[in-house]
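Just my_file27.cif here, mmCIF, C-alpha atoms:
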```
data_upload
#
loop_
_atom_site.label_atom_id
_atom_site.label_comp_id
_atom_site.auth_asym_id
_atom_site.auth_seq_id
_atom_site.Cartn_x
_atom_site.Cartn_y
_atom_site.Cartn_z
CA MET A 850 0.00 0.00 0.00
CA LEU A 851 2.78 2.40 0.94
CA ASP A 852 4.66 1.47 -2.23
CA VAL A 853 1.68 2.43 -4.37
CA VAL A 854 1.37 5.83 -2.67
CA ILE A 855 5.08 6.53 -2.96
CA ASN A 856 5.23 5.50 -6.62
CA THR A 857 2.21 7.67 -7.42
CA LEU A 858 3.80 10.68 -5.72
CA VAL A 859 7.08 10.07 -7.58
CA ILE A 860 5.30 9.89 -10.95
CA ILE A 861 3.29 13.05 -10.23
CA PHE A 862 6.34 15.10 -9.20
CA ALA A 863 8.49 13.78 -12.06
CA CYS A 864 5.80 14.57 -14.66
CA ASN A 865 5.52 18.06 -13.15
CA GLY A 866 9.26 18.48 -13.60
CA ILE A 867 9.12 17.25 -17.19
CA PHE A 868 6.35 19.75 -17.91
CA PHE A 869 8.41 22.65 -16.57
CA PHE A 870 11.48 21.51 -18.49
CA LEU A 871 9.43 21.40 -21.69
CA VAL A 872 8.06 24.90 -21.03
CA GLY A 873 11.56 26.19 -20.33
CA THR A 874 12.91 24.73 -23.56
CA LEU A 875 9.99 26.17 -25.53
CA GLY A 876 10.61 29.60 -24.01
CA LEU A 877 14.33 29.37 -24.68
CA VAL A 878 13.75 28.62 -28.35
CA ARG A 879 10.80 30.90 -29.04
CA LEU A 880 11.17 34.06 -26.92
CA PRO A 881 12.71 37.13 -28.59
CA ASP A 882 15.26 38.50 -26.13
CA VAL A 883 18.06 37.60 -23.72
CA TYR A 884 16.07 38.69 -20.68
CA THR A 885 12.89 36.83 -21.60
CA ARG A 886 14.92 33.73 -22.45
CA LEU A 887 16.59 34.03 -19.07
CA HIS A 888 13.16 34.22 -17.45
CA ALA A 889 12.10 30.97 -19.11
CA GLY A 890 15.39 29.27 -18.33
CA THR A 891 15.31 30.16 -14.66
CA LYS A 892 11.80 28.71 -14.30
CA CYS A 893 13.09 25.57 -15.96
CA ASP A 894 15.95 25.34 -13.48
CA THR A 895 14.12 26.00 -10.22
CA LEU A 896 10.80 24.24 -10.77
CA GLY A 897 11.83 21.47 -13.18
CA ALA A 898 15.06 20.32 -11.55
CA GLY A 899 13.72 20.92 -8.04
CA SER A 900 10.59 18.90 -8.73
CA ILE A 901 12.41 15.92 -10.27
CA LEU A 902 15.01 15.87 -7.47
CA PHE A 903 12.22 16.05 -4.86
CA ALA A 904 10.52 13.11 -6.59
CA LEU A 905 13.75 11.12 -6.33
CA ALA A 906 14.03 12.08 -2.64
CA ILE A 907 10.53 10.69 -2.08
CA TYR A 908 11.51 7.53 -4.00
CA GLU A 909 14.53 7.15 -1.74
CA ARG A 910 12.24 7.69 1.31
CA PHE A 911 14.43 10.46 2.73
CA SER A 912 17.38 8.25 3.53
CA ILE A 913 20.92 9.63 3.25
CA ASN A 914 20.75 9.64 -0.55
CA GLY A 915 17.36 11.37 -0.34
CA LEU A 916 18.88 14.09 1.83
CA LYS A 917 21.59 14.48 -0.81
CA MET A 918 18.80 15.06 -3.35
CA ILE A 919 17.25 17.75 -1.16
CA VAL A 920 20.62 19.49 -0.76
CA LEU A 921 21.24 19.26 -4.51
CA ALA A 922 17.80 20.74 -5.27
CA PHE A 923 18.49 23.62 -2.85
CA LEU A 924 21.90 24.22 -4.46
CA VAL A 925 20.40 24.21 -7.97
CA MET A 926 17.74 26.73 -6.92
CA VAL A 927 20.23 29.13 -5.31
CA MET A 928 22.78 28.86 -8.13
CA SER A 929 20.15 29.31 -10.84
CA SER A 930 19.00 32.61 -9.31
CA THR A 931 22.58 33.81 -8.92
CA THR A 932 23.57 32.96 -12.48
CA GLY A 933 20.42 34.60 -13.79
CA HIS A 934 21.28 37.82 -12.01
CA ALA A 935 24.89 37.68 -13.20
CA ILE A 936 23.99 37.05 -16.84
CA SER A 937 21.31 39.75 -16.98
CA HIS A 938 23.61 42.28 -15.28
CA ALA A 939 26.41 41.49 -17.73
CA ALA A 940 24.04 41.68 -20.71
CA TYR A 941 22.78 45.09 -19.60
CA LYS A 942 26.34 46.34 -19.07
CA VAL A 943 27.34 45.13 -22.52
CA GLY A 944 24.52 47.21 -23.97
CA ILE A 945 21.76 44.83 -25.02
CA MET A 946 18.49 46.71 -24.75
CA PRO A 947 15.31 44.96 -23.60
CA TRP A 948 12.99 43.90 -26.40
CA ARG A 949 10.01 46.08 -27.26
CA LYS A 950 7.09 45.17 -29.44
CA LYS A 951 7.31 46.87 -32.81
CA VAL A 952 3.89 48.30 -33.62
CA SER A 953 3.99 49.45 -37.22
CA SER A 954 0.37 50.55 -37.26
CA ALA A 955 -2.59 50.52 -34.92
CA PHE A 956 -4.76 49.39 -37.81
CA PRO A 957 -3.30 47.05 -40.43
CA GLY A 958 -3.11 48.63 -43.82
CA GLU A 959 -2.61 52.18 -42.59
CA GLU A 960 0.57 53.99 -41.67
CA SER A 961 0.74 55.37 -38.16
CA GLU A 962 2.49 58.60 -37.19
CA ASN A 963 3.81 57.13 -33.97
CA VAL A 964 6.42 55.02 -35.74
CA THR A 965 8.73 57.87 -36.59
CA GLU A 966 8.29 59.35 -33.14
CA SER A 967 9.38 56.21 -31.34
CA MET B 559 10.28 2.34 -11.72
CA GLN B 560 13.61 2.05 -13.51
CA THR B 561 11.82 2.09 -16.85
CA PHE B 562 10.03 5.27 -15.82
CA PHE B 563 13.30 6.92 -14.83
CA LEU B 564 14.78 5.83 -18.16
CA ALA B 565 11.87 7.48 -20.00
CA VAL B 566 12.32 10.71 -17.98
CA GLY B 567 16.03 10.72 -18.80
CA LEU B 568 15.39 10.23 -22.51
CA ILE B 569 12.85 13.09 -22.58
CA LEU B 570 15.37 15.36 -20.86
CA LEU B 571 18.05 14.30 -23.36
CA VAL B 572 15.85 15.33 -26.30
CA ASN B 573 15.16 18.63 -24.48
CA ALA B 574 18.87 19.27 -24.09
CA PHE B 575 19.42 18.75 -27.80
CA VAL B 576 16.64 21.23 -28.57
CA CYS B 577 18.37 23.73 -26.24
CA LEU B 578 21.58 23.33 -28.25
CA PHE B 579 19.80 25.06 -31.13
CA ARG B 580 19.81 28.31 -29.14
CA ALA B 581 23.45 27.76 -28.17
CA ILE B 582 24.42 27.49 -31.84
CA ALA B 583 22.08 30.08 -33.40
CA GLY B 584 21.92 32.63 -30.57
CA PRO B 585 22.42 36.15 -31.92
CA THR B 586 24.39 37.43 -28.93
CA LEU B 587 26.83 35.94 -26.42
CA PRO B 588 24.49 35.99 -23.35
CA ASP B 589 22.00 33.86 -25.31
CA ARG B 590 24.62 31.18 -25.69
CA ILE B 591 25.55 31.43 -22.00
CA VAL B 592 21.89 30.95 -20.99
CA ALA B 593 21.52 27.94 -23.28
CA VAL B 594 24.70 26.29 -22.00
CA ASN B 595 23.59 26.91 -18.41
CA ILE B 596 20.25 25.19 -19.01
CA VAL B 597 21.94 22.26 -20.76
CA GLY B 598 24.21 21.93 -17.71
CA THR B 599 21.23 21.82 -15.35
CA LYS B 600 19.60 19.13 -17.46
CA THR B 601 22.85 17.17 -17.43
CA THR B 602 22.84 17.34 -13.62
CA VAL B 603 19.32 15.88 -13.46
CA ILE B 604 20.19 13.20 -16.04
CA LEU B 605 23.26 12.18 -13.99
CA VAL B 606 21.06 11.77 -10.90
CA LEU B 607 18.62 9.68 -12.95
CA ILE B 608 21.49 7.51 -14.24
CA ALA B 609 22.32 6.69 -10.61
CA TYR B 610 18.88 5.08 -10.29
CA ILE B 611 18.64 3.53 -13.76
CA PHE B 612 21.91 1.60 -13.39
CA ALA B 613 21.83 1.38 -9.54
CA GLN B 614 25.20 3.11 -9.24
CA HIS B 615 24.91 5.61 -6.39
CA MET B 616 28.33 7.05 -7.13
CA TYR B 617 26.76 9.21 -9.86
CA ILE B 618 24.95 11.37 -7.27
CA ASP B 619 28.28 12.82 -6.14
CA THR B 620 29.21 13.32 -9.79
CA ALA B 621 26.02 15.33 -10.22
CA PHE B 622 27.03 17.52 -7.26
CA VAL B 623 30.40 18.24 -8.84
CA TYR B 624 28.81 18.96 -12.21
CA ALA B 625 26.29 21.39 -10.70
CA LEU B 626 29.01 23.33 -8.87
CA LEU B 627 31.22 23.39 -11.98
CA ASN B 628 28.32 24.67 -14.08
CA PHE B 629 27.73 27.50 -11.58
CA VAL B 630 31.38 28.52 -11.51
CA VAL B 631 31.68 28.47 -15.31
CA THR B 632 28.56 30.58 -15.84
CA VAL B 633 29.49 33.20 -13.24
CA ALA B 634 33.04 33.39 -14.58
CA VAL B 635 31.89 33.92 -18.18
CA ALA B 636 29.36 36.55 -17.08
CA ARG B 637 32.06 38.32 -15.10
CA TYR B 638 34.39 38.18 -18.08
CA LEU B 639 31.67 39.62 -20.30
CA GLU B 640 31.08 42.46 -17.85
CA THR B 641 34.65 43.55 -17.08
CA GLY B 642 36.42 42.37 -20.23
CA GLY B 643 39.12 40.51 -18.34
CA LEU B 644 40.25 39.65 -14.86
CA PRO B 645 38.99 42.04 -12.15
CA SER B 646 41.69 44.40 -11.01
CA ALA B 647 40.77 44.46 -7.31
#
```
As structure tokens, please, write out the structure in this file.
Amino acid sequence: MLDVVINTLVIIFACNGIFFFLVGTLGLVRLPDVYTRLHAGTKCDTLGAGSILFALAIYERFSINGLKMIVLAFLVMVMSSTTGHAISHAAYKVGIMPWRKKVSSAFPGEESENVTES
Amino acid sequence: MQTFFLAVGLILLVNAFVCLFRAIAGPTLPDRIVAVNIVGTKTTVILVLIAYIFAQHMYIDTAFVYALLNFVVTVAVARYLETGGLPSA
């Protein structure tokens, strides 16, 4: 009975982690800017890796290897935030401007006067 | 459960190869750094999964070392990008 509950929890947490990894990869490929890609990638790191490592800690039933998983998940979360800050700071110092949506016209087919202003 | 862990590892492997697209075709250098950082995180998780697929618990410590190395590499490259060399102070 306990095995069934533990296996169900492991499968739920691991599928959650796979979902967040897929979303992070999709954001990394599709989003238009360094900062937005960093946003997607940091979600992928914290939630995806943390969820899969927590699932493995449940599978190990919080023995010594399970505690290693918890420590590794904590390390991955802290280091992901730190690297995200470092990369975005360096990108801003290098001179990469944040992405803005290019609105050519408010109505398609007409030229807007705001384009030359901005 | 080992088959399930194998399936999770294979899905993450395909994800890592999709991330390599951004590392190759990224227009600027920070894009490539972000992509390599995410591939490193996925490699850490895959190493932990390998420890359970093949029942070799040594790979958990390898995953620790890989995670720390990934962090140091990313912060060093970001620092190099910001200052253009070694920090003077």
12 Å contact set for Leu607 of chain B, only C-alpha atoms, chain neighbours under 6 positions out, as an NGL selection string: (:A and (863 or 898 or 901-902 or 904-906 or 908 or 918)) or (:B and (559-571 or 600-601 or 613-618 or 620-621))
Chain A residues near chain B (8 Å cut-off, all atoms listed in the file) as an MDAnalysis selection string: chainID A and resid 856 863 867 870:871 874 877:878 883 886:887 890 893:894 898 901:902 917 921 925 928:929 932 935:936 938:940 942:943
Atom CA of Gly933 of chain A to atom CA of Asn865 of chain A, distance in Å rounded to a single decimal: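 Going from atom CA of Gly933 of chain A over to atom CA of Asn865 of chain A covers 22.3 Å.
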Find the smallest box with edges along x, y and z containing every listed atom of segment 901-904 of chain A, then add 8 Å on each side and report centre and edge lengths in Å to one decimal, as JSON.
```
{"center_x": 12.8, "center_y": 14.6, "center_z": -7.6, "size_x": 20.5, "size_y": 18.9, "size_z": 21.4}
```
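Between atom CA of Ser930 of chain A and atom CA of Thr895 of chain A lies a distance of 8.3 Å.
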Non-local contacts of Lys892 of chain A (9 Å; only C-alpha atoms; under 3 positions in same chain excluded) as a list in words: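 Skipping anything fewer than 3 positions along the chain leaves Phe869, Phe870, Val872, Gly873, Leu887, His888, Ala889, Thr895, Leu896 and Gly897 of chain A.
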Using C-alpha atoms, can you export the residues from the last selection as a PDB file, keeping the file's coordinate frame?
```pdb
ATOM      1  CA  PHE A 869       8.410  22.650 -16.570  1.00  0.00           C
ATOM      2  CA  PHE A 870      11.480  21.510 -18.490  1.00  0.00           C
ATOM      3  CA  VAL A 872       8.060  24.900 -21.030  1.00  0.00           C
ATOM      4  CA  GLY A 873      11.560  26.190 -20.330  1.00  0.00           C
ATOM      5  CA  LEU A 887      16.590  34.030 -19.070  1.00  0.00           C
ATOM      6  CA  HIS A 888      13.160  34.220 -17.450  1.00  0.00           C
ATOM      7  CA  ALA A 889      12.100  30.970 -19.110  1.00  0.00           C
ATOM      8  CA  THR A 895      14.120  26.000 -10.220  1.00  0.00           C
ATOM      9  CA  LEU A 896      10.800  24.240 -10.770  1.00  0.00           C
ATOM     10  CA  GLY A 897      11.830  21.470 -13.180  1.00  0.00           C
TER      11      GLY A 897
END
```
Hits from the PyMOL selection byres ((chain A and resi 947) around 10), listed as a VMD selection string: chain A and resid 881 to 885 940 to 941 944 to 946 948 to 949
Atom CA of Leu924 of chain A to atom CA of Ala609 of chain B, distance in Å rounded to a single decimal: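 These atoms are spaced 18.6 Å apart.
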